[in-house]
$ cat target-v3.txt   # compact mmCIF, C-alpha atoms and all ligand atoms
# COMPACT_ATOMS: atom_id res chain seq x y z
CA MET A 1 114.73 109.73 78.95
CA ARG A 2 116.18 107.89 81.94
CA GLU A 3 119.57 109.12 83.00
CA ALA A 4 120.55 107.12 86.04
CA LYS A 5 120.91 103.34 85.72
CA LEU A 6 120.81 100.58 88.29
CA PRO A 7 124.04 98.55 88.63
CA ALA A 8 124.15 95.90 85.86
CA GLY A 9 125.21 93.19 88.33
CA PHE A 10 122.12 93.91 90.40
CA THR A 11 119.60 93.85 87.52
CA GLU A 12 121.17 90.66 86.15
CA ARG A 13 120.60 88.93 89.50
CA LEU A 14 117.09 90.35 89.77
CA ARG A 15 116.22 88.95 86.34
CA ARG A 16 117.26 85.47 87.47
CA LEU A 17 115.33 85.79 90.72
CA LEU A 18 111.97 87.23 89.70
CA PRO A 19 109.14 85.65 87.71
CA PRO A 20 109.94 86.66 84.09
CA GLU A 21 106.44 88.04 83.48
CA ARG A 22 106.82 90.45 86.44
CA TYR A 23 110.34 91.66 85.71
CA ALA A 24 109.55 94.70 83.50
CA ASP A 25 107.00 96.15 85.96
CA ILE A 26 109.26 95.57 88.92
CA GLU A 27 112.28 97.09 87.19
CA ALA A 28 110.15 100.11 86.30
CA SER A 29 109.22 100.57 89.98
CA PHE A 30 112.85 101.57 90.69
CA HIS A 31 112.45 104.63 88.47
CA ARG A 32 109.24 106.01 90.00
CA PRO A 33 108.56 107.75 93.32
CA LYS A 34 106.66 105.60 95.86
CA SER A 35 103.35 106.72 97.31
CA THR A 36 103.30 107.85 100.91
CA THR A 37 101.73 105.51 103.43
CA PHE A 38 101.47 105.83 107.19
CA ARG A 39 99.73 104.32 110.19
CA VAL A 40 97.89 105.60 113.19
CA ASN A 41 99.62 105.57 116.57
CA PRO A 42 96.95 103.88 118.70
CA LEU A 43 98.67 105.08 121.88
CA LYS A 44 97.63 108.65 121.03
CA THR A 45 94.45 108.44 118.93
CA ASP A 46 92.39 106.05 116.82
CA ALA A 47 92.15 105.56 113.08
CA GLN A 48 88.80 107.34 112.68
CA ALA A 49 89.83 110.35 114.72
CA LEU A 50 93.12 110.60 112.81
CA HIS A 51 91.29 110.37 109.49
CA ARG A 52 88.96 113.21 110.54
CA GLU A 53 91.83 115.32 111.87
CA LEU A 54 93.75 115.01 108.59
CA GLU A 55 90.68 115.81 106.50
CA VAL A 56 90.02 118.93 108.54
CA ALA A 57 93.65 119.89 107.89
CA GLY A 58 92.93 119.60 104.15
CA LEU A 59 94.78 116.30 103.59
CA ARG A 60 93.22 113.68 101.36
CA VAL A 61 93.93 110.19 102.66
CA GLN A 62 92.45 106.71 102.20
CA PRO A 63 92.44 103.79 104.64
CA VAL A 64 94.36 100.74 103.39
CA GLU A 65 91.66 98.05 103.06
CA TRP A 66 93.83 95.10 104.17
CA LEU A 67 95.62 96.66 107.14
CA PRO A 68 93.52 98.34 109.85
CA GLY A 69 95.06 101.61 111.01
CA ALA A 70 97.11 102.09 107.82
CA PHE A 71 96.50 104.89 105.31
CA ARG A 72 97.78 106.12 101.97
CA LEU A 73 98.06 109.74 100.92
CA SER A 74 95.78 110.25 97.89
CA ASP A 75 97.71 113.19 96.45
CA PRO A 76 101.52 112.73 96.37
CA ALA A 77 101.91 116.53 96.29
CA GLN A 78 100.57 116.63 99.86
CA ARG A 79 103.52 114.73 101.37
CA ARG A 80 105.12 117.90 102.65
CA ALA A 81 101.84 119.05 104.21
CA LEU A 82 101.58 115.66 105.94
CA THR A 83 105.06 115.99 107.41
CA GLU A 84 104.19 119.51 108.60
CA SER A 85 100.89 118.49 110.19
CA ASN A 86 100.29 118.58 113.94
CA ALA A 87 99.40 114.88 113.83
CA PHE A 88 102.89 114.12 112.48
CA TYR A 89 104.76 116.37 114.92
CA GLU A 90 102.78 115.18 117.90
CA GLY A 91 103.22 111.47 117.07
CA ARG A 92 99.63 110.55 116.20
CA LEU A 93 100.86 109.06 112.93
CA TYR A 94 104.05 107.39 111.70
CA ILE A 95 105.08 107.43 108.03
CA GLN A 96 106.06 103.90 107.08
CA ASN A 97 106.03 101.71 104.00
CA LEU A 98 103.28 99.08 103.98
CA SER A 99 105.82 96.26 103.52
CA SER A 100 107.50 97.29 106.76
CA MET A 101 104.17 97.18 108.59
CA LEU A 102 103.82 93.51 107.63
CA ALA A 103 106.71 92.43 109.88
CA PRO A 104 105.14 93.40 113.27
CA TRP A 105 101.72 92.39 111.95
CA LEU A 106 102.98 88.84 111.25
CA LEU A 107 104.97 88.56 114.48
CA ASP A 108 101.78 89.53 116.33
CA PRO A 109 103.15 90.67 119.73
CA ARG A 110 100.53 90.56 122.50
CA SER A 111 99.85 92.75 125.53
CA GLY A 112 101.96 91.71 128.51
CA GLU A 113 104.57 89.74 126.54
CA GLN A 114 108.36 90.13 126.56
CA ILE A 115 109.46 91.26 123.12
CA LEU A 116 112.88 91.97 121.60
CA ASP A 117 113.58 94.15 118.57
CA LEU A 118 117.21 93.34 117.76
CA ALA A 119 117.87 96.00 115.07
CA ALA A 120 115.50 98.75 115.99
CA ALA A 121 116.33 102.25 114.71
CA PRO A 122 114.63 104.47 113.70
CA GLY A 123 111.89 102.51 115.44
CA GLY A 124 109.01 102.21 112.99
CA LYS A 125 108.48 98.54 113.76
CA THR A 126 109.29 98.88 117.48
CA LEU A 127 106.59 101.53 117.79
CA MET A 128 104.08 99.56 115.81
CA MET A 129 104.66 96.65 118.20
CA ALA A 130 104.24 98.89 121.26
CA GLY A 131 100.89 99.97 119.79
CA MET A 132 99.82 96.36 119.14
CA MET A 133 100.75 95.57 122.77
CA GLU A 134 98.66 98.53 124.02
CA ASP A 135 101.82 99.71 125.76
CA ARG A 136 101.68 96.76 128.18
CA GLY A 137 104.51 94.27 128.70
CA TRP A 138 108.23 94.71 127.98
CA LEU A 139 109.84 95.69 124.71
CA SER A 140 113.63 95.77 124.41
CA ALA A 141 114.96 97.76 121.45
CA VAL A 142 118.62 97.31 120.47
CA GLU A 143 120.59 99.60 118.15
CA PRO A 144 124.40 99.98 118.03
CA VAL A 145 124.73 103.09 115.82
CA LYS A 146 124.76 106.14 118.09
CA GLU A 147 123.06 108.64 115.79
CA ARG A 148 120.37 106.15 114.87
CA PHE A 149 119.96 105.17 118.51
CA HIS A 150 119.22 108.80 119.45
CA ARG A 151 116.74 109.07 116.62
CA LEU A 152 115.04 105.93 117.94
CA ARG A 153 114.82 107.50 121.42
CA ARG A 154 113.29 110.69 120.03
CA ASN A 155 110.72 108.72 118.03
CA ILE A 156 109.74 106.71 121.11
CA GLU A 157 109.28 109.87 123.11
CA THR A 158 107.15 111.51 120.41
CA ALA A 159 104.98 108.38 120.16
CA GLY A 160 104.42 108.28 123.94
CA ALA A 161 105.31 104.58 124.39
CA THR A 162 106.45 103.66 127.91
CA ILE A 163 107.27 99.92 127.62
CA ILE A 164 110.25 100.31 125.30
CA HIS A 165 113.68 99.89 126.92
CA THR A 166 116.49 101.01 124.60
CA TYR A 167 120.01 99.57 124.49
CA LEU A 168 122.92 101.08 122.60
CA LYS A 169 124.46 97.68 121.86
CA ASP A 170 125.58 95.31 119.18
CA GLY A 171 122.81 92.77 118.62
CA ARG A 172 125.33 89.96 118.19
CA GLY A 173 125.93 89.80 121.95
CA VAL A 174 122.30 89.89 123.08
CA GLY A 175 121.57 86.16 122.82
CA ARG A 176 124.49 85.34 125.09
CA ALA A 177 123.56 88.09 127.58
CA CYS A 178 119.80 87.31 127.65
CA PRO A 179 119.27 83.64 126.79
CA LEU A 180 115.71 82.23 126.53
CA MET A 181 114.18 85.52 127.65
CA PHE A 182 111.71 86.67 125.00
CA ASP A 183 108.30 85.46 123.80
CA ARG A 184 108.85 86.99 120.36
CA VAL A 185 111.83 88.49 118.60
CA LEU A 186 111.93 90.75 115.58
CA LEU A 187 115.14 90.77 113.55
CA ASP A 188 114.69 93.36 110.81
CA ALA A 189 118.27 92.87 109.81
CA PRO A 190 120.76 95.42 108.50
CA CYS A 191 121.14 94.55 104.81
CA SER A 192 122.27 95.76 101.41
CA SER A 193 118.94 97.66 101.16
CA GLU A 194 118.42 96.62 97.54
CA ALA A 195 114.69 97.18 97.78
CA LYS A 196 115.27 100.85 98.61
CA PHE A 197 117.22 101.48 95.41
CA SER A 198 115.82 104.31 93.32
CA THR A 199 117.26 105.92 90.19
CA LEU A 200 115.79 109.16 91.55
CA ARG A 201 118.46 108.83 94.28
CA PRO A 202 121.55 107.27 92.68
CA GLU A 203 123.29 107.44 96.07
CA SER A 204 120.88 104.66 97.16
CA TYR A 205 122.90 102.09 95.18
CA ALA A 206 126.29 103.83 94.88
CA TYR A 207 127.95 101.31 97.21
CA TRP A 208 126.17 98.13 96.10
CA SER A 209 128.36 95.19 95.11
CA PRO A 210 128.14 91.39 95.37
CA ARG A 211 130.77 91.76 98.08
CA LYS A 212 128.48 94.03 100.11
CA VAL A 213 125.79 91.34 99.87
CA LYS A 214 128.24 88.74 101.24
CA GLU A 215 129.34 91.06 104.05
CA SER A 216 125.72 91.66 105.01
CA GLN A 217 125.16 87.91 105.08
CA ARG A 218 128.01 87.39 107.54
CA LEU A 219 126.48 89.88 109.99
CA GLN A 220 122.96 88.54 109.45
CA LYS A 221 124.06 84.98 110.32
CA ARG A 222 125.53 86.15 113.60
CA LEU A 223 122.45 88.23 114.38
CA ILE A 224 119.97 85.46 113.63
CA LEU A 225 121.86 83.10 115.97
CA SER A 226 121.81 85.75 118.69
CA ALA A 227 118.08 86.36 118.14
CA TRP A 228 117.48 82.62 118.35
CA GLU A 229 119.38 82.22 121.62
CA SER A 230 117.33 85.02 123.21
CA LEU A 231 114.02 83.33 122.31
CA LYS A 232 112.02 81.23 124.82
CA PRO A 233 111.04 77.68 123.80
CA GLY A 234 107.69 78.00 122.05
CA GLY A 235 108.57 81.57 121.01
CA ARG A 236 108.52 83.11 117.54
CA LEU A 237 111.11 84.92 115.49
CA LEU A 238 110.32 87.15 112.53
CA TYR A 239 113.31 87.67 110.22
CA SER A 240 113.01 90.38 107.57
CA THR A 241 115.19 92.40 105.21
CA CYS A 242 114.69 95.01 102.52
CA SER A 243 117.01 93.11 100.20
CA PHE A 244 116.11 90.85 97.29
CA ALA A 245 119.32 88.82 97.62
CA PRO A 246 118.80 85.11 98.45
CA GLU A 247 122.20 85.24 100.21
CA GLU A 248 120.70 87.68 102.77
CA ASN A 249 117.34 85.95 103.01
CA GLU A 250 116.78 82.23 102.33
CA ALA A 251 120.47 81.41 102.89
CA VAL A 252 120.47 83.04 106.35
CA VAL A 253 117.31 81.26 107.44
CA ASP A 254 118.62 77.98 105.98
CA PHE A 255 121.81 78.46 108.03
CA LEU A 256 119.68 78.73 111.20
CA LEU A 257 117.55 75.69 110.30
CA LYS A 258 120.71 73.62 109.78
CA LYS A 259 122.27 74.71 113.07
CA LYS A 260 119.16 74.55 115.25
CA PRO A 261 116.98 71.47 114.87
CA GLU A 262 114.32 73.05 117.11
CA ALA A 263 113.77 75.81 114.51
CA LYS A 264 110.70 75.38 112.33
CA LEU A 265 109.40 77.68 109.64
CA LEU A 266 105.74 78.72 109.79
CA PRO A 267 103.77 79.87 106.75
CA VAL A 268 103.89 83.59 106.04
CA ASN A 269 100.38 84.56 104.97
CA VAL A 270 100.42 87.99 103.40
CA PRO A 271 97.18 89.81 102.59
CA VAL A 272 98.42 91.20 99.23
CA PRO A 273 98.86 89.54 95.81
CA ASN A 274 102.34 90.96 95.06
CA HIS A 275 104.51 88.27 96.57
CA MET A 276 106.43 85.14 95.66
CA GLU A 277 107.36 82.00 97.58
CA GLY A 278 110.79 81.69 99.12
CA LEU A 279 113.41 79.94 96.95
CA THR A 280 114.56 76.41 97.68
CA ALA A 281 117.69 76.79 95.54
CA TRP A 282 119.90 79.63 94.32
CA GLU A 283 122.98 79.29 92.15
CA LYS A 284 124.72 76.13 93.38
CA LYS A 285 123.03 76.07 96.80
CA ARG A 286 120.01 73.97 97.80
CA PHE A 287 117.97 75.16 100.78
CA ASP A 288 115.67 73.30 103.14
CA PRO A 289 112.41 72.71 101.20
CA THR A 290 110.40 74.49 103.92
CA LEU A 291 112.05 77.77 102.82
CA GLN A 292 109.16 77.85 100.38
CA LEU A 293 107.03 79.05 103.33
CA THR A 294 108.90 82.37 103.43
CA ARG A 295 107.75 85.26 101.27
CA ARG A 296 109.32 87.92 99.09
CA ILE A 297 107.10 90.98 98.70
CA LEU A 298 107.39 92.26 95.14
CA PRO A 299 107.58 96.04 94.85
CA THR A 300 104.60 98.05 93.59
CA GLU A 301 103.78 101.72 93.40
CA GLU A 302 103.14 101.75 97.13
CA MET A 303 105.05 98.78 98.52
CA ASP A 304 108.79 98.29 98.81
CA GLY A 305 110.34 94.92 98.08
CA PHE A 306 110.75 92.95 101.30
CA PHE A 307 111.56 89.46 102.62
CA LEU A 308 109.72 87.83 105.53
CA ALA A 309 110.36 84.57 107.38
CA LEU A 310 108.46 83.44 110.50
CA LEU A 311 110.05 80.79 112.73
CA LYS A 312 108.91 78.92 115.79
CA LYS A 313 111.21 77.51 118.45
CA ARG A 314 109.90 74.02 119.16
CA SER A 315 110.05 72.96 122.80
CA VAL A 316 112.24 69.83 122.50
N1 LIG A 401 113.53 98.01 112.27
C1 LIG A 401 113.88 99.37 111.92
C2 LIG A 401 112.60 100.14 111.66
O1 LIG A 401 111.60 99.57 111.28
O2 LIG A 401 112.60 101.38 111.86
C3 LIG A 401 114.82 99.43 110.75
C4 LIG A 401 116.08 98.63 111.01
S1 LIG A 401 117.31 98.76 109.75
C5 LIG A 401 116.72 97.70 108.53
C6 LIG A 401 118.62 97.84 110.47
C7 LIG A 401 119.22 98.47 111.68
O3 LIG A 401 120.21 97.57 112.21
C8 LIG A 401 119.95 99.78 111.42
O4 LIG A 401 119.46 100.78 112.27
C9 LIG A 401 121.41 99.46 111.76
O5 LIG A 401 122.12 100.54 112.32
C10 LIG A 401 121.24 98.33 112.76
N2 LIG A 401 122.43 97.48 112.95
C11 LIG A 401 123.59 97.44 112.25
N3 LIG A 401 124.44 96.56 112.80
C12 LIG A 401 123.82 96.00 113.86
C13 LIG A 401 124.20 95.05 114.84
N4 LIG A 401 125.41 94.48 114.84
N5 LIG A 401 123.31 94.76 115.82
C14 LIG A 401 122.08 95.33 115.84
N6 LIG A 401 121.67 96.24 114.94
C15 LIG A 401 122.53 96.58 113.96

$ encode --input "target-v3.txt" --output "structure tokens"
Amino acid sequence: MREAKLPAGFTERLRRLLPPERYADIEASFHRPKSTTFRVNPLKTDAQALHRELEVAGLRVQPVEWLPGAFRLSDPAQRRALTESNAFYEGRLYIQNLSSMLAPWLLDPRSGEQILDLAAAPGGKTLMMAGMMEDRGWLSAVEPVKERFHRLRRNIETAGATIIHTYLKDGRGVGRACPLMFDRVLLDAPCSSEAKFSTLRPESYAYWSPRKVKESQRLQKRLILSAWESLKPGGRLLYSTCSFAPEENEAVVDFLLKKKPEAKLLPVNVPVPNHMEGLTAWEKKRFDPTLQLTRRILPTEEMDGFFLALLKKRSV
């Protein structure tokens, strides 16, 4: 018997948002533990060597077919052993949900580029980008919450990345301070975290309310404008959240498209079947039709729900 229940206001919205035939499965995913996934840190080892090392340590893991360098733990009971392994302590692997890995993968930062991560802690995506860049170039990582900022610094040190420059700052001021500076910007925005809700941890949704969603949207709009200002002409911005709410996703991107005529959405091509197109309308609001190019990752046993939008700054 299930004891804890998701907030009724949340499930009612989810029902209106999701394809009806997927709703039951998706709702059920909030009541089950997620499998453990992780990725190799290419600055310290390679995928094959990590796989061998973990097998020798008695851990059963499988490579994720569609994402090189990513693995899943075959036996959920081995999670603790994974977090106590030398590979974990010494930064040869990073535990991260597969949905989160999609954001750096789609932004595709290259060696030698100038990259900004505007909401960085604890650094999972920052570190994945440093790995993709082979630790060459410049990567600015911004985080205003002190405790989280220090955790970010510790994770960077463990991973051995040298190109990451950390700033204990509010992301809203970065665009003004560093205009037109970056080739690519990641804004993995602070959000209502709806996709992290779990009835196994009722505290995960204890503070959810439609008002919280609105408050998140206000901050997200300011952050996306700041991210945009910091981007070079021709540059790319990846906007993501772990919320299902259209107010925090399509509406924020639509706000940017309306304010900045040089902003253009690019298709988000995800290598998994569990996704849906971005909405072009929600409640009484109509969005730019190109919002359809964005993607909502639908949660599964191993993937969290997630929203992804990829934008290009046209040189006008
Ligand atoms: N990208 C991170 C990762 O993959 O590890 C997760 C980022 S989390 C979704 C959002 C982060 O934004 C939180 O660490 C939060 O403290 C931070 N944040 C909150 N307000 C912010 C602001 N005004 N400017 C920049 N970051 C902010």

$ residues_around --input "target-v3.txt" --residues "Lys284 (chain A)" --least-positions-apart "3" --cutoff "12 Å" --atoms "all atoms listed in the file" --output "PyMOL selection string"
chain A and resi 246-247+251+280-281+287

$ residues_near_ligand --input "target-v3.txt" --ligand "ligand LIG 401 (chain A)" --cutoff "7 Å" --atoms "all atoms listed in the file" --output "list in words"
Ser100, Leu118, Ala119, Ala120, Ala121, Pro122, Gly123, Gly124, Lys125, Thr126, Val142, Glu143, Pro144, Val145, Arg148, Lys169, Asp170, Gly171, Arg172, Asp188, Ala189, Pro190, Cys191, Leu219, Leu223, Thr241 and Cys242 of chain A

$ residues_around --input "target-v3.txt" --residues "Val64 (chain A)" --least-positions-apart "6" --cutoff "10 Å" --atoms "all atoms listed in the file" --output "list in words"
Thr37, Phe38, Arg39, Ala70, Phe71, Arg72 and Leu98 of chain A

$ atom_distance --input "target-v3.txt" --atom1 "CA of Leu82 (chain A)" --atom2 "CA of Val40 (chain A)"
12.9 Å

$ closest_atom_pairs --input "target-v3.txt" --of "region 284-307 of chain A" --to "region 18-27 of chain A" --cutoff "10 Å" --atoms "all atoms listed in the file" --output "JSON lines"
{"residue": "A:Arg296", "atom": "CA", "partner": "A:Leu18", "partner_atom": "CA", "distance": 9.8}
{"residue": "A:Leu298", "atom": "CA", "partner": "A:Ile26", "partner_atom": "CA", "distance": 7.3}
{"residue": "A:Pro299", "atom": "CA", "partner": "A:Ile26", "partner_atom": "CA", "distance": 6.2}
{"residue": "A:Thr300", "atom": "CA", "partner": "A:Ile26", "partner_atom": "CA", "distance": 7.0}
{"residue": "A:Glu301", "atom": "CA", "partner": "A:Ile26", "partner_atom": "CA", "distance": 9.4}
{"residue": "A:Gly305", "atom": "CA", "partner": "A:Ile26", "partner_atom": "CA", "distance": 9.2}

$ residues_around --input "target-v3.txt" --residues "Lys260 (chain A)" --least-positions-apart "5" --cutoff "10 Å" --atoms "all atoms listed in the file" --output "count of residues only"
6

$ closest_residue --input "target-v3.txt" --among "A:Ser140, A:Gln217, A:Thr36, A:Gln48" --to "Asp117 (chain A)" --atoms "all atoms listed in the file"
A:Ser140

$ atom_distance --input "target-v3.txt" --atom1 "CA of Ala245 (chain A)" --atom2 "CA of Ser35 (chain A)"
24.0 Å

$ closest_residue --input "target-v3.txt" --among "A:Asp288, A:Glu250, A:Glu157, A:Asp183" --to "Leu43 (chain A)" --atoms "all atoms listed in the file"
A:Glu157

$ residues_around --input "target-v3.txt" --residues "Trp208 (chain A)" --least-positions-apart "4" --cutoff "10 Å" --atoms "all atoms listed in the file" --output "NGL selection string"
:A and (6-7 or 9-10 or 192-194 or 197 or 203-204 or 212-213)

$ closest_residue --input "target-v3.txt" --among "A:Arg211, A:Arg79, A:Arg136, A:Arg201" --to "Val61 (chain A)" --atoms "all atoms listed in the file"
A:Arg79

$ residues_around --input "target-v3.txt" --residues "Lys5 (chain A)" --least-positions-apart "6" --cutoff "10 Å" --atoms "only C-alpha atoms" --output "VMD selection string"
chain A and resid 11 30 to 31 198 to 200 202 205

$ closest_residue --input "target-v3.txt" --among "A:Leu67, A:Ala8, A:Leu93, A:Ala159" --to "Asp46 (chain A)" --atoms "all atoms listed in the file"
A:Leu93

$ atom_distance --input "target-v3.txt" --atom1 "CA of Tyr207 (chain A)" --atom2 "CA of Asp304 (chain A)"
19.5 Å

$ closest_residue --input "target-v3.txt" --among "A:Tyr167, A:Tyr94, A:Trp66, A:Trp138" --to "Arg110 (chain A)" --atoms "only C-alpha atoms"
A:Trp138

$ closest_residue --input "target-v3.txt" --among "A:Gly175, A:Val268, A:Phe244, A:Leu311" --to "Arg15 (chain A)" --atoms "all atoms listed in the file"
A:Phe244

$ build_atoms --input "target-v3.txt" --residues "region 217-228 of chain A" --atoms "N, CA and C atoms" --output "PDB file, keeping the file's coordinate frame"
ATOM      1  N   GLN A 217     125.529  89.266 104.677  1.00  0.00           N
ATOM      2  CA  GLN A 217     125.160  87.910 105.080  1.00  0.00           C
ATOM      3  C   GLN A 217     125.919  87.462 106.328  1.00  0.00           C
ATOM      4  N   ARG A 218     127.210  87.805 106.375  1.00  0.00           N
ATOM      5  CA  ARG A 218     128.010  87.390 107.540  1.00  0.00           C
ATOM      6  C   ARG A 218     127.426  87.954 108.826  1.00  0.00           C
ATOM      7  N   LEU A 219     127.059  89.241 108.801  1.00  0.00           N
ATOM      8  CA  LEU A 219     126.480  89.880 109.990  1.00  0.00           C
ATOM      9  C   LEU A 219     125.097  89.286 110.297  1.00  0.00           C
ATOM     10  N   GLN A 220     124.316  89.080 109.257  1.00  0.00           N
ATOM     11  CA  GLN A 220     122.960  88.540 109.450  1.00  0.00           C
ATOM     12  C   GLN A 220     122.987  87.153 110.105  1.00  0.00           C
ATOM     13  N   LYS A 221     123.973  86.326 109.720  1.00  0.00           N
ATOM     14  CA  LYS A 221     124.060  84.980 110.320  1.00  0.00           C
ATOM     15  C   LYS A 221     124.345  85.080 111.807  1.00  0.00           C
ATOM     16  N   ARG A 222     125.222  85.986 112.170  1.00  0.00           N
ATOM     17  CA  ARG A 222     125.530  86.150 113.600  1.00  0.00           C
ATOM     18  C   ARG A 222     124.310  86.702 114.343  1.00  0.00           C
ATOM     19  N   LEU A 223     123.610  87.625 113.708  1.00  0.00           N
ATOM     20  CA  LEU A 223     122.450  88.230 114.380  1.00  0.00           C
ATOM     21  C   LEU A 223     121.302  87.232 114.541  1.00  0.00           C
ATOM     22  N   ILE A 224     121.101  86.396 113.530  1.00  0.00           N
ATOM     23  CA  ILE A 224     119.970  85.460 113.630  1.00  0.00           C
ATOM     24  C   ILE A 224     120.254  84.414 114.722  1.00  0.00           C
ATOM     25  N   LEU A 225     121.524  84.047 114.887  1.00  0.00           N
ATOM     26  CA  LEU A 225     121.860  83.100 115.970  1.00  0.00           C
ATOM     27  C   LEU A 225     121.629  83.753 117.336  1.00  0.00           C
ATOM     28  N   SER A 226     122.002  85.017 117.439  1.00  0.00           N
ATOM     29  CA  SER A 226     121.810  85.750 118.690  1.00  0.00           C
ATOM     30  C   SER A 226     120.312  85.877 118.991  1.00  0.00           C
ATOM     31  N   ALA A 227     119.537  86.233 117.969  1.00  0.00           N
ATOM     32  CA  ALA A 227     118.080  86.360 118.140  1.00  0.00           C
ATOM     33  C   ALA A 227     117.506  85.030 118.618  1.00  0.00           C
ATOM     34  N   TRP A 228     118.007  83.953 118.030  1.00  0.00           N
ATOM     35  CA  TRP A 228     117.480  82.620 118.350  1.00  0.00           C
ATOM     36  C   TRP A 228     117.777  82.257 119.805  1.00  0.00           C
TER      37      TRP A 228
END
